[in-house]
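Have a look at entry-v3.txt below; it lists compact mmCIF, C-alpha atoms.
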# COMPACT_ATOMS: atom_id res chain seq x y z
CA MET Q 266 10.12 19.07 -26.95
CA THR Q 267 9.66 18.75 -30.71
CA HIS Q 268 5.91 19.03 -30.03
CA LEU Q 269 6.51 22.29 -28.20
CA MET Q 270 8.65 23.68 -31.04
CA GLU Q 271 6.01 22.74 -33.60
CA ALA Q 272 3.30 24.31 -31.45
CA LEU Q 273 5.29 27.53 -31.05
CA GLN Q 274 5.93 27.57 -34.78
CA TRP Q 275 2.20 27.22 -35.35
CA VAL Q 276 1.41 30.04 -32.89
CA LEU Q 277 4.04 32.33 -34.38
CA SER Q 278 3.14 31.80 -38.03
CA ALA Q 279 1.17 34.61 -39.63
CA GLU Q 280 -1.12 32.09 -41.30
CA SER Q 281 -2.52 30.86 -37.98
CA TRP Q 282 -3.58 34.38 -37.03
CA ALA Q 283 -5.17 35.44 -40.30
CA GLY Q 284 -8.64 34.79 -41.70
CA PRO Q 285 -12.09 34.35 -40.18
CA GLY Q 286 -11.06 31.20 -38.24
CA GLY Q 287 -7.60 32.49 -37.32
CA LEU Q 288 -6.17 33.01 -33.87
CA GLY Q 289 -6.75 36.77 -34.12
CA VAL Q 290 -10.50 36.36 -34.53
CA ARG Q 291 -10.62 33.53 -31.97
CA THR Q 292 -8.79 35.56 -29.35
CA ALA Q 293 -11.11 38.50 -29.97
CA GLU Q 294 -14.12 36.19 -29.62
CA HIS Q 295 -12.71 34.74 -26.41
CA LEU Q 296 -12.22 38.19 -24.89
CA TRP Q 297 -15.60 39.38 -26.15
CA TYR Q 298 -17.37 36.39 -24.52
CA THR Q 299 -15.51 37.07 -21.29
CA LEU Q 300 -16.38 40.76 -21.28
CA LEU Q 301 -20.05 40.15 -22.13
CA ALA Q 302 -20.37 37.45 -19.46
CA LEU Q 303 -18.75 39.70 -16.86
CA VAL Q 304 -20.98 42.68 -17.67
CA LEU Q 305 -24.09 40.48 -17.45
CA SER Q 306 -23.08 38.73 -14.23
CA THR Q 307 -21.84 41.90 -12.55
CA ALA Q 308 -25.14 43.61 -13.37
CA ILE Q 309 -26.95 40.77 -11.57
CA ALA Q 310 -24.53 39.89 -8.80
CA LEU Q 311 -23.03 43.18 -7.69
CA PRO Q 312 -26.28 44.83 -6.51
CA ALA Q 313 -27.37 41.56 -4.90
CA GLY Q 314 -24.06 41.12 -3.09
CA LEU Q 315 -23.95 44.73 -1.91
CA VAL Q 316 -27.49 44.56 -0.56
CA ILE Q 317 -26.72 41.29 1.25
CA GLY Q 318 -23.57 42.83 2.76
CA HIS Q 319 -25.29 46.08 3.71
CA THR Q 320 -28.43 44.61 5.28
CA GLY Q 321 -27.07 41.24 6.39
CA ARG Q 322 -30.27 39.75 5.00
CA GLY Q 323 -30.06 36.55 2.96
CA ARG Q 324 -26.48 36.02 4.10
CA ALA Q 325 -26.93 32.38 5.09
CA LEU Q 326 -28.48 31.64 1.71
CA ALA Q 327 -25.65 33.46 -0.11
CA VAL Q 328 -22.95 31.55 1.80
CA LEU Q 329 -24.66 28.26 1.09
CA SER Q 330 -25.22 28.91 -2.61
CA THR Q 331 -21.72 30.24 -3.27
CA GLY Q 332 -20.32 27.13 -1.58
CA ALA Q 333 -22.56 24.85 -3.61
CA ALA Q 334 -21.70 26.71 -6.82
CA ARG Q 335 -18.05 25.83 -6.34
CA ALA Q 336 -19.01 22.17 -6.63
CA LEU Q 337 -20.87 22.68 -9.93
CA PRO Q 338 -18.93 21.07 -12.80
CA THR Q 339 -18.50 23.67 -15.58
CA LEU Q 340 -18.64 21.11 -18.37
CA GLY Q 341 -21.95 19.80 -17.02
CA ILE Q 342 -23.54 23.26 -16.91
CA ILE Q 343 -22.35 24.15 -20.40
CA THR Q 344 -23.49 20.88 -22.02
CA LEU Q 345 -26.84 21.01 -20.21
CA ALA Q 346 -27.38 24.58 -21.45
CA GLY Q 347 -26.26 23.43 -24.91
CA LEU Q 348 -28.95 20.76 -25.06
CA ALA Q 349 -31.54 23.14 -23.62
CA VAL Q 350 -31.11 26.17 -25.90
CA GLY Q 351 -29.21 24.73 -28.86
CA ILE Q 352 -25.88 25.41 -30.45
CA GLY Q 353 -24.49 28.95 -30.46
CA LEU Q 354 -23.44 31.59 -27.98
CA LYS Q 355 -26.56 31.55 -25.81
CA ALA Q 356 -25.78 28.24 -24.07
CA PRO Q 357 -22.21 29.05 -23.05
CA MET Q 358 -23.30 32.55 -21.99
CA ILE Q 359 -25.88 31.06 -19.60
CA ALA Q 360 -23.18 28.78 -18.19
CA PHE Q 361 -20.69 31.66 -17.78
CA VAL Q 362 -23.22 33.75 -15.87
CA VAL Q 363 -24.23 30.80 -13.63
CA LEU Q 364 -20.56 30.24 -12.78
CA ALA Q 365 -19.53 33.90 -12.40
CA VAL Q 366 -22.46 35.20 -10.31
CA PRO Q 367 -21.61 33.36 -7.05
CA SER Q 368 -17.98 34.60 -7.00
CA ILE Q 369 -19.07 38.20 -7.56
CA ILE Q 370 -21.81 37.98 -4.90
CA ALA Q 371 -19.36 36.45 -2.41
CA GLY Q 372 -16.77 39.16 -3.08
CA ALA Q 373 -19.35 41.94 -2.79
CA TYR Q 374 -20.90 40.88 0.50
CA SER Q 375 -17.61 39.99 2.15
CA GLY Q 376 -16.18 43.33 1.01
CA VAL Q 377 -19.03 45.28 2.59
CA GLU Q 378 -18.96 43.12 5.72
CA ALA Q 379 -15.22 43.59 6.18
CA VAL Q 380 -15.68 47.33 6.66
CA ASP Q 381 -15.18 48.31 10.29
CA ARG Q 382 -18.65 48.57 11.89
CA ARG Q 383 -17.57 51.64 13.89
CA VAL Q 384 -16.83 53.52 10.67
CA VAL Q 385 -20.27 52.62 9.33
CA ASP Q 386 -21.91 53.70 12.60
CA ALA Q 387 -19.96 56.96 12.52
CA ALA Q 388 -21.14 57.63 8.97
CA ARG Q 389 -24.71 56.95 10.04
CA ALA Q 390 -24.33 59.22 13.06
CA GLN Q 391 -23.25 62.01 10.71
CA GLY Q 392 -26.67 61.73 9.12
CA LEU Q 393 -25.81 59.80 5.96
CA SER Q 394 -28.69 57.90 4.40
CA PRO Q 395 -28.31 54.10 3.99
CA TRP Q 396 -27.68 54.66 0.29
CA GLN Q 397 -24.94 57.23 1.01
CA VAL Q 398 -23.38 54.90 3.59
CA LEU Q 399 -23.23 52.15 0.98
CA VAL Q 400 -21.90 54.26 -1.89
CA THR Q 401 -19.51 56.61 -0.06
CA VAL Q 402 -18.29 54.39 2.81
CA GLU Q 403 -18.86 50.67 2.38
CA VAL Q 404 -18.08 50.31 -1.33
CA PRO Q 405 -14.81 52.33 -1.34
CA LEU Q 406 -13.57 50.66 1.86
CA GLY Q 407 -14.50 47.16 0.70
CA LEU Q 408 -13.45 47.72 -2.91
CA ARG Q 409 -10.46 45.38 -2.91
CA LEU Q 410 -12.52 42.38 -1.82
CA ILE Q 411 -15.37 43.37 -4.14
CA LEU Q 412 -13.01 43.51 -7.12
CA GLY Q 413 -11.34 40.30 -5.89
CA GLY Q 414 -14.66 38.55 -6.52
CA VAL Q 415 -14.83 40.00 -10.03
CA ARG Q 416 -11.25 38.87 -10.65
CA LEU Q 417 -12.05 35.31 -9.61
CA ALA Q 418 -15.14 35.36 -11.84
CA THR Q 419 -13.03 36.60 -14.77
CA LEU Q 420 -10.60 33.70 -14.37
CA GLN Q 421 -13.48 31.24 -14.26
CA VAL Q 422 -15.09 32.69 -17.37
CA ILE Q 423 -11.84 32.74 -19.37
CA ALA Q 424 -11.27 29.08 -18.46
CA THR Q 425 -14.85 28.08 -19.22
CA ALA Q 426 -14.89 30.04 -22.48
CA THR Q 427 -12.43 27.45 -23.77
CA LEU Q 428 -15.22 24.89 -23.41
CA ALA Q 429 -17.69 27.06 -25.36
CA ALA Q 430 -16.37 25.58 -28.61
CA TYR Q 431 -17.47 22.16 -27.39
CA VAL Q 432 -21.09 23.29 -27.70
CA GLY Q 433 -20.62 25.02 -31.05
CA ALA Q 434 -19.55 28.56 -30.13
CA GLY Q 435 -16.27 30.23 -31.08
CA GLY Q 436 -13.33 31.35 -28.98
CA LEU Q 437 -9.88 29.87 -28.52
CA GLY Q 438 -11.41 26.47 -27.77
CA ARG Q 439 -12.13 26.15 -31.52
CA PRO Q 440 -8.54 25.50 -32.69
CA LEU Q 441 -7.97 23.48 -29.50
CA PHE Q 442 -10.82 21.07 -30.21
CA LEU Q 443 -10.08 21.06 -33.95
CA GLY Q 444 -6.51 19.98 -33.20
CA LEU Q 445 -7.78 17.38 -30.75
CA ARG Q 446 -10.17 15.87 -33.30
CA ASN Q 447 -7.66 15.84 -36.16
CA HIS Q 448 -4.76 14.65 -34.01
CA ASP Q 449 -3.00 17.90 -34.90
CA TYR Q 450 -0.93 18.15 -31.74
CA ALA Q 451 0.78 21.39 -32.76
CA MET Q 452 -2.54 23.18 -33.21
CA MET Q 453 -4.04 21.77 -29.98
CA LEU Q 454 -0.95 22.64 -27.96
CA GLY Q 455 -0.50 26.02 -29.63
CA ALA Q 456 -4.10 27.02 -28.92
CA SER Q 457 -3.67 25.88 -25.29
CA LEU Q 458 -0.59 28.08 -24.93
CA VAL Q 459 -2.50 31.07 -26.29
CA VAL Q 460 -5.36 30.50 -23.81
CA ILE Q 461 -2.90 30.27 -20.93
CA ALA Q 462 -1.14 33.45 -22.09
CA VAL Q 463 -4.47 35.32 -22.35
CA ALA Q 464 -5.58 34.13 -18.89
CA ILE Q 465 -2.32 35.10 -17.19
CA LEU Q 466 -2.21 38.45 -19.00
CA VAL Q 467 -5.76 39.36 -17.96
CA ASP Q 468 -5.04 38.33 -14.37
CA ALA Q 469 -1.83 40.36 -14.35
CA LEU Q 470 -3.84 43.38 -15.54
CA PHE Q 471 -6.27 42.84 -12.66
CA ILE Q 472 -3.42 42.65 -10.14
CA ALA Q 473 -1.90 45.84 -11.56
CA ALA Q 474 -5.26 47.64 -11.42
CA LEU Q 475 -5.77 46.56 -7.80
CA ARG Q 476 -2.29 47.83 -6.93
CA ILE Q 477 -3.02 51.23 -8.43
CA LEU Q 478 -6.36 51.42 -6.58
CA ARG Q 479 -4.60 50.73 -3.29
CA ARG Q 480 -2.61 53.97 -3.70
CA ILE Q 481 -5.76 56.09 -3.86
CA PRO Q 482 -6.56 57.40 -0.36
CA GLY Q 483 -9.88 56.29 1.09
CA ILE Q 484 -9.91 53.02 -0.82
CA HIS Q 485 -9.00 49.66 0.65
CA MET N 188 -34.86 8.72 -13.19
CA ASP N 189 -35.50 5.72 -15.45
CA TRP N 190 -32.36 6.54 -17.39
CA ALA N 191 -30.31 6.77 -14.20
CA LEU N 192 -31.67 3.45 -12.90
CA ALA N 193 -31.01 1.69 -16.20
CA ASN N 194 -27.46 3.03 -16.29
CA LEU N 195 -26.68 2.70 -12.59
CA PRO N 196 -23.68 0.35 -12.97
CA ARG N 197 -22.03 2.73 -15.43
CA ILE N 198 -22.73 5.76 -13.21
CA LEU N 199 -21.23 3.97 -10.22
CA SER N 200 -18.13 2.85 -12.08
CA LEU N 201 -17.61 6.40 -13.40
CA THR N 202 -18.00 7.67 -9.84
CA VAL N 203 -15.17 5.36 -8.78
CA ASP N 204 -13.04 6.63 -11.70
CA HIS N 205 -13.84 10.16 -10.60
CA LEU N 206 -12.70 9.47 -7.04
CA LEU N 207 -9.52 7.75 -8.22
CA LEU N 208 -8.58 10.91 -10.12
CA SER N 209 -9.60 13.48 -7.52
CA LEU N 210 -8.65 11.97 -4.14
CA PRO N 211 -4.94 11.38 -4.93
CA ALA N 212 -4.74 14.95 -6.27
CA VAL N 213 -6.36 16.41 -3.13
CA ALA N 214 -4.10 14.36 -0.84
CA ALA N 215 -0.95 15.26 -2.80
CA ALA N 216 -1.85 18.97 -2.87
CA PHE N 217 -2.45 18.96 0.90
CA LEU N 218 0.74 17.08 1.81
CA LEU N 219 2.92 19.19 -0.51
CA ALA N 220 1.31 22.46 0.61
CA LEU N 221 2.19 21.89 4.30
CA PRO N 222 5.99 22.26 3.94
CA LEU N 223 5.67 24.80 1.11
CA GLY N 224 3.21 26.97 3.05
CA ARG N 225 5.27 26.75 6.25
CA VAL N 226 8.47 27.75 4.42
CA ALA N 227 6.72 30.49 2.42
CA ASP N 228 5.31 31.97 5.63
CA ARG N 229 8.86 32.50 7.00
CA LEU N 230 10.35 34.13 3.95
CA GLY N 231 9.61 37.67 5.03
CA ARG N 232 9.76 39.94 1.99
CA LEU N 233 9.64 36.98 -0.38
CA ARG N 234 6.40 35.67 1.18
CA GLU N 235 3.93 37.66 -0.90
CA PRO N 236 5.67 37.33 -4.30
CA LEU N 237 5.97 33.57 -3.77
CA LEU N 238 2.35 33.12 -2.72
CA GLY N 239 1.28 35.44 -5.54
CA SER N 240 3.00 33.32 -8.15
CA ALA N 241 1.47 30.16 -6.66
CA GLY N 242 -1.89 31.90 -6.99
CA LEU N 243 -1.17 32.77 -10.61
CA LEU N 244 -1.03 29.04 -11.29
CA TYR N 245 -4.73 29.06 -10.51
CA ALA N 246 -5.27 31.50 -13.39
CA ILE N 247 -4.30 28.79 -15.88
CA PRO N 248 -7.46 27.27 -17.37
CA SER N 249 -7.73 23.54 -16.70
CA LEU N 250 -8.21 22.19 -20.23
CA PRO N 251 -5.12 23.88 -21.69
CA LEU N 252 -3.09 22.71 -18.70
CA PHE N 253 -4.18 19.09 -19.29
CA ILE N 254 -2.78 19.47 -22.83
CA VAL N 255 0.42 21.38 -22.04
CA LEU N 256 1.45 19.32 -19.00
CA PRO N 257 2.49 16.19 -20.96
CA ILE N 258 5.40 18.07 -22.58
CA LEU N 259 6.70 18.95 -19.12
CA ILE N 260 6.25 15.58 -17.37
CA GLY N 261 6.27 13.16 -20.30
CA THR N 262 2.84 11.61 -19.75
CA GLY N 263 0.18 11.07 -22.40
CA VAL N 264 -2.72 13.54 -22.59
CA ARG N 265 -5.17 10.73 -21.74
CA ASP N 266 -3.14 9.25 -18.84
CA ALA N 267 -4.77 9.31 -15.42
CA LEU N 268 -1.43 10.52 -14.01
CA ASN N 269 -1.52 13.57 -16.28
CA VAL N 270 -4.92 14.58 -14.91
CA ILE N 271 -3.86 13.90 -11.31
CA VAL N 272 -0.70 16.03 -11.62
CA ALA N 273 -2.65 18.90 -13.21
CA LEU N 274 -5.28 18.77 -10.45
CA THR N 275 -2.53 18.63 -7.82
CA LEU N 276 -1.07 21.86 -9.24
CA PHE N 277 -4.47 23.58 -9.04
CA GLY N 278 -4.89 22.28 -5.50
CA LEU N 279 -1.46 23.61 -4.57
CA ALA N 280 -2.32 27.02 -6.01
CA LEU N 281 -5.14 27.28 -3.45
CA MET N 282 -3.63 25.30 -0.58
CA VAL N 283 -0.16 26.86 -0.30
CA ARG N 284 -1.78 30.22 0.48
CA SER N 285 -4.15 28.67 3.05
CA ALA N 286 -1.28 26.76 4.68
CA ALA N 287 0.96 29.85 4.86
CA ASP N 288 -1.89 31.84 6.44
CA ALA N 289 -2.69 28.98 8.84
CA PHE N 290 0.92 28.74 10.05
CA GLY N 291 1.22 32.53 10.08
CA ALA N 292 -1.70 32.73 12.52
CA VAL N 293 0.08 30.56 15.13
CA SER N 294 1.24 33.01 17.76
CA GLN N 295 4.96 33.62 18.01
CA ASP N 296 4.79 33.43 21.83
CA VAL N 297 3.40 29.91 21.73
CA ARG N 298 6.13 28.88 19.32
CA LEU N 299 8.86 30.37 21.49
CA ALA N 300 7.34 28.75 24.59
CA ALA N 301 7.53 25.35 22.88
CA VAL N 302 11.20 25.89 22.13
CA ALA N 303 11.80 27.17 25.68
CA VAL N 304 10.45 23.98 27.24
CA GLY N 305 12.94 22.02 25.18
CA GLN N 306 11.04 21.01 22.05
CA SER N 307 13.15 20.35 19.00
CA ARG N 308 12.28 22.23 15.80
CA TRP N 309 10.49 19.19 14.46
CA GLY N 310 8.82 18.48 17.76
CA ALA N 311 7.53 22.03 17.97
CA PHE N 312 6.25 21.82 14.41
CA LEU N 313 4.48 18.48 14.85
CA THR N 314 3.08 18.86 18.35
CA VAL N 315 2.47 22.61 18.60
CA GLU N 316 2.29 24.41 15.24
CA LEU N 317 0.50 21.74 13.24
CA PRO N 318 -2.34 21.18 15.75
CA LEU N 319 -2.82 24.93 16.24
CA ALA N 320 -2.91 25.52 12.48
CA GLY N 321 -5.20 22.49 12.10
CA PRO N 322 -8.62 24.17 11.86
CA ALA N 323 -7.43 26.69 9.23
CA LEU N 324 -5.66 23.92 7.30
CA LEU N 325 -8.86 21.89 7.31
CA ALA N 326 -10.81 24.87 5.96
CA GLY N 327 -8.32 25.17 3.08
CA LEU N 328 -8.42 21.44 2.43
CA ARG N 329 -12.21 21.52 2.15
CA VAL N 330 -12.07 24.23 -0.52
CA VAL N 331 -9.45 22.26 -2.45
CA SER N 332 -11.47 19.05 -2.27
CA VAL N 333 -14.69 20.64 -3.53
CA SER N 334 -13.02 22.48 -6.40
CA THR N 335 -10.92 19.46 -7.42
CA ILE N 336 -13.94 17.17 -7.54
CA SER N 337 -15.76 19.62 -9.80
CA LEU N 338 -12.67 20.25 -12.01
CA VAL N 339 -12.03 16.57 -12.80
CA SER N 340 -14.94 16.40 -15.26
CA VAL N 341 -13.26 18.72 -17.77
CA SER N 342 -10.77 15.94 -18.59
CA ALA N 343 -13.66 13.97 -20.12
CA VAL N 344 -13.42 16.03 -23.34
CA LEU N 345 -9.95 14.50 -23.79
CA GLY N 346 -11.38 11.00 -23.32
CA VAL N 347 -10.41 10.38 -19.68
CA ALA N 348 -13.24 8.49 -17.93
CA SER N 349 -14.89 10.26 -14.98
CA LEU N 350 -18.36 11.56 -14.15
CA GLY N 351 -17.54 14.11 -16.86
CA SER N 352 -18.03 11.31 -19.42
CA LEU N 353 -21.75 11.56 -18.60
CA PHE N 354 -21.61 15.16 -19.91
CA THR N 355 -19.78 14.36 -23.16
CA ASP N 356 -21.89 11.25 -23.90
CA GLY N 357 -25.09 13.01 -22.90
CA PHE N 358 -24.33 16.04 -25.06
CA GLN N 359 -23.31 14.05 -28.15
CA ARG N 360 -26.33 11.75 -27.96
CA GLY N 361 -28.79 14.37 -26.71
CA ILE N 362 -29.59 12.66 -23.39
CA VAL N 363 -30.47 15.31 -20.79
CA PRO N 364 -30.79 12.80 -17.88
CA SER N 365 -27.18 11.72 -18.47
CA ILE N 366 -25.94 15.28 -17.96
CA ALA N 367 -28.29 15.84 -15.02
CA ALA N 368 -27.09 12.61 -13.38
CA GLY N 369 -23.47 13.73 -13.86
CA ILE N 370 -24.09 17.12 -12.24
CA ILE N 371 -26.02 15.61 -9.32
CA MET N 372 -23.41 12.91 -8.70
CA THR N 373 -20.53 15.43 -8.83
CA VAL N 374 -22.19 17.73 -6.31
CA LEU N 375 -23.17 14.75 -4.14
CA LEU N 376 -19.61 13.43 -4.22
CA ALA N 377 -18.26 16.85 -3.25
CA VAL N 378 -20.69 17.04 -0.31
CA VAL N 379 -19.94 13.48 0.91
CA VAL N 380 -16.16 13.99 0.75
CA ASP N 381 -16.59 17.34 2.52
CA LEU N 382 -18.58 15.70 5.33
CA LEU N 383 -15.92 12.99 5.61
CA LEU N 384 -13.21 15.65 5.91
CA VAL N 385 -15.19 17.41 8.65
CA GLY N 386 -15.54 14.05 10.43
CA LEU N 387 -11.83 13.30 10.08
CA GLY N 388 -11.10 16.78 11.40
CA ARG N 389 -13.17 16.06 14.51
CA LEU N 390 -11.31 12.79 15.07
CA ALA N 391 -7.91 14.40 14.57
CA MET N 392 -8.70 17.52 16.59
CA PRO N 393 -10.98 16.39 19.45
CA TRP N 394 -10.12 19.47 21.53
CA GLN N 395 -12.09 21.67 19.14
CA ARG N 396 -15.38 20.17 20.25
CA THR N 397 -14.72 20.75 23.95
CA GLN N 398 -13.71 24.32 23.16
CA ALA N 399 -16.91 24.88 21.23
CA ARG N 400 -18.95 23.43 24.08
CA ARG N 401 -17.20 25.61 26.63
CA ALA N 402 -17.70 28.68 24.51
CA GLY N 403 -21.36 27.79 24.17
CA SER N 404 -22.12 27.25 27.86
Can you turn what I pasted into structure tokens?
Amino acid sequence: MTHLMEALQWVLSAESWAGPGGLGVRTAEHLWYTLLALVLSTAIALPAGLVIGHTGRGRALAVLSTGAARALPTLGIITLAGLAVGIGLKAPMIAFVVLAVPSIIAGAYSGVEAVDRRVVDAARAQGLSPWQVLVTVEVPLGLRLILGGVRLATLQVIATATLAAYVGAGGLGRPLFLGLRNHDYAMMLGASLVVIAVAILVDALFIAALRILRRIPGIH
Amino acid sequence: MDWALANLPRILSLTVDHLLLSLPAVAAAFLLALPLGRVADRLGRLREPLLGSAGLLYAIPSLPLFIVLPILIGTGVRDALNVIVALTLFGLALMVRSAADAFGAVSQDVRLAAVAVGQSRWGAFLTVELPLAGPALLAGLRVVSVSTISLVSVSAVLGVASLGSLFTDGFQRGIVPSIAAGIIMTVLLAVVVDLLLVGLGRLAMPWQRTQARRAGS
């Protein structure tokens, strides 16, 4: 318990938060990495997932690759990228995108697929174009599952961003690994607690956003 | 390939280490999730909040949990037990939900019929509910096993030996084949364990095959 008290003391001291290597900057870096990775992977994965769900084409491949992606060890991907492109943000960013894309694709196609086929047929019978069917019927009705995929990807990226420091980038992994190397248990533990708090806070925000969306009529 | 052949004994011994960390965690998560999921399913209004908080556990990143857990359970950061307990918690976060859904899908009529023919509560659970929930439980177990096997490697940055050690060594010494071998072996291990689970499922639930055949013909 003394370790915990020391760690909390470290987290709560103003010194730990200040300066270019302080927790304030590290938390901002961590969130920035997460946001950037999510924007990049959503830009790739969301259209792909929606097209797969809408047309049913490439579904077998998507199921297989999302299953296989779950088996990919994050540390392996990030160190491999680190050796391939060198130290900095590029390597972890490649790893984040590789890990986030499958979750977003899976959420997007299962969201579109979960929409009642009769509703889709009815929309088509009204004369809606395939594009209108996708945008005005399938996406709103499948939105909860689609965003569920993005939520899962966010959790994965926040967790993996902790490992970014291992290959020379910033983020909250920096004080964690620094504490680990210098046997500074308070710093290592304190940084871990901050990562956990950030992860749970972001997830809680997602849950709250999903709950608000559910109240809007026409969205499921 | 040359690198992998030259280092084969080390790769194999790390694979064994990897299994010794992941399999106990998968088994513990499964066995603990059965009663927890069954109880959670019957809690009515409390069901969703309880399952939601179990799910929130999954939001905790693995590396910080490996470091925070020792203050709660008194292990060392580098102890195998520490890693196993952390992985069990992640497994539970996924499995309790699957188990609750699996038991929730067993029809109430079937359950009542079992009681009506004189089954005890335990008898009905073991001989009626459990087999009927079996396929869904197996599906959940497969997800837990794959994700646990891939999660283990993170503990290598703390100095716990597993296939993840191939990543840390490979990165520090600049050996790409070491990292590649680690990734391939982890995925291979996940696939082999998954196939074994499917095989065990067939042995434990032989009626599924006859059903499939009947549905096919």
Define the interface residues of chain N facing chain Q as those within 8 Å, counting all atoms listed in the file, and report them as a JSON list (two decimals) with C-alpha atoms, keeping the file's coordinate frame.
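Here's the written file result.json:
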[["chain", "number", "residue", "atom", "x", "y", "z"],
["N", 243, "LEU", "CA", -1.17, 32.77, -10.61],
["N", 246, "ALA", "CA", -5.27, 31.50, -13.39],
["N", 247, "ILE", "CA", -4.30, 28.79, -15.88],
["N", 248, "PRO", "CA", -7.46, 27.27, -17.37],
["N", 249, "SER", "CA", -7.73, 23.54, -16.70],
["N", 250, "LEU", "CA", -8.21, 22.19, -20.23],
["N", 251, "PRO", "CA", -5.12, 23.88, -21.69],
["N", 252, "LEU", "CA", -3.09, 22.71, -18.70],
["N", 254, "ILE", "CA", -2.78, 19.47, -22.83],
["N", 255, "VAL", "CA", 0.42, 21.38, -22.04],
["N", 258, "ILE", "CA", 5.40, 18.07, -22.58],
["N", 333, "VAL", "CA", -14.69, 20.64, -3.53],
["N", 334, "SER", "CA", -13.02, 22.48, -6.40],
["N", 336, "ILE", "CA", -13.94, 17.17, -7.54],
["N", 337, "SER", "CA", -15.76, 19.62, -9.80],
["N", 338, "LEU", "CA", -12.67, 20.25, -12.01],
["N", 340, "SER", "CA", -14.94, 16.40, -15.26],
["N", 341, "VAL", "CA", -13.26, 18.72, -17.77],
["N", 345, "LEU", "CA", -9.95, 14.50, -23.79],
["N", 351, "GLY", "CA", -17.54, 14.11, -16.86],
["N", 354, "PHE", "CA", -21.61, 15.16, -19.91],
["N", 355, "THR", "CA", -19.78, 14.36, -23.16],
["N", 358, "PHE", "CA", -24.33, 16.04, -25.06],
["N", 361, "GLY", "CA", -28.79, 14.37, -26.71],
["N", 363, "VAL", "CA", -30.47, 15.31, -20.79],
["N", 366, "ILE", "CA", -25.94, 15.28, -17.96],
["N", 367, "ALA", "CA", -28.29, 15.84, -15.02],
["N", 369, "GLY", "CA", -23.47, 13.73, -13.86],
["N", 370, "ILE", "CA", -24.09, 17.12, -12.24],
["N", 373, "THR", "CA", -20.53, 15.43, -8.83],
["N", 374, "VAL", "CA", -22.19, 17.73, -6.31],
["N", 377, "ALA", "CA", -18.26, 16.85, -3.25]]
Counting only C-alpha atoms, select every polymer residue within 12 Å of (-22.1, 33.3, -5.9) as defined in the file's coordinates, and provide the selection as a PyMOL selection string.
chain Q and resi 306-307+309-311+313-314+317+324+326-337+362-375+414-415+417-418
Around all the atoms of region 305-318 of chain N listed in the file, draw an axis-aligned box and extend it by 8 Å on each of the six sides; I want its centre and edge lengths in Å to one decimal, as JSON.
{"center_x": 5.4, "center_y": 21.4, "center_z": 19.2, "size_x": 31.5, "size_y": 21.9, "size_z": 27.9}
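Candidate residues Q:Asp381, Q:Gly287, Q:Met358, Q:Gln391 were compared for distance to Leu300 (chain Q), and the nearest is Q:Met358, using all atoms listed in the file.
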Would you compute the distance between CA of Pro318 (chain N) and CA of Asp228 (chain N)? Give it in Å to one decimal.
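These atoms are spaced 16.7 Å apart.
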Who sits within 8 Å of Glu294 (chain Q), only C-alpha atoms, same chain under 6 positions skipped, as a ChimeraX atom specification:
/Q:435-437
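Using all atoms listed in the file, the shortest contact distance between Leu288 (chain Q) and any of Q:Val276, Q:Val402, Q:Ala390, Q:Ala429 is found at Q:Val276.
Atom pair CA of Ala215 (chain N) / CA of Leu313 (chain N) has a distance of 18.7 Å (rounded to one decimal).
Taking all atoms listed in the file, the non-local environment of Pro257 (chain N) within 10 Å (same-chain residues fewer than 6 positions away omitted) comprises Gly263, Val264, Arg265, Asp266, Leu268, Asn269, Val270, Val272 and Ala273 of chain N.
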Can you write just those residues out, C-alpha atoms, as a compact mmCIF listing (two decimals), in the coordinates of the input?
# COMPACT_ATOMS: atom_id res chain seq x y z
CA GLY N 263 0.18 11.07 -22.40
CA VAL N 264 -2.72 13.54 -22.59
CA ARG N 265 -5.17 10.73 -21.74
CA ASP N 266 -3.14 9.25 -18.84
CA LEU N 268 -1.43 10.52 -14.01
CA ASN N 269 -1.52 13.57 -16.28
CA VAL N 270 -4.92 14.58 -14.91
CA VAL N 272 -0.70 16.03 -11.62
CA ALA N 273 -2.65 18.90 -13.21
Record the distance separating CA of Ala302 (chain Q) and CA of Ala360 (chain Q), expressed in Å with one decimal.
9.2 Å
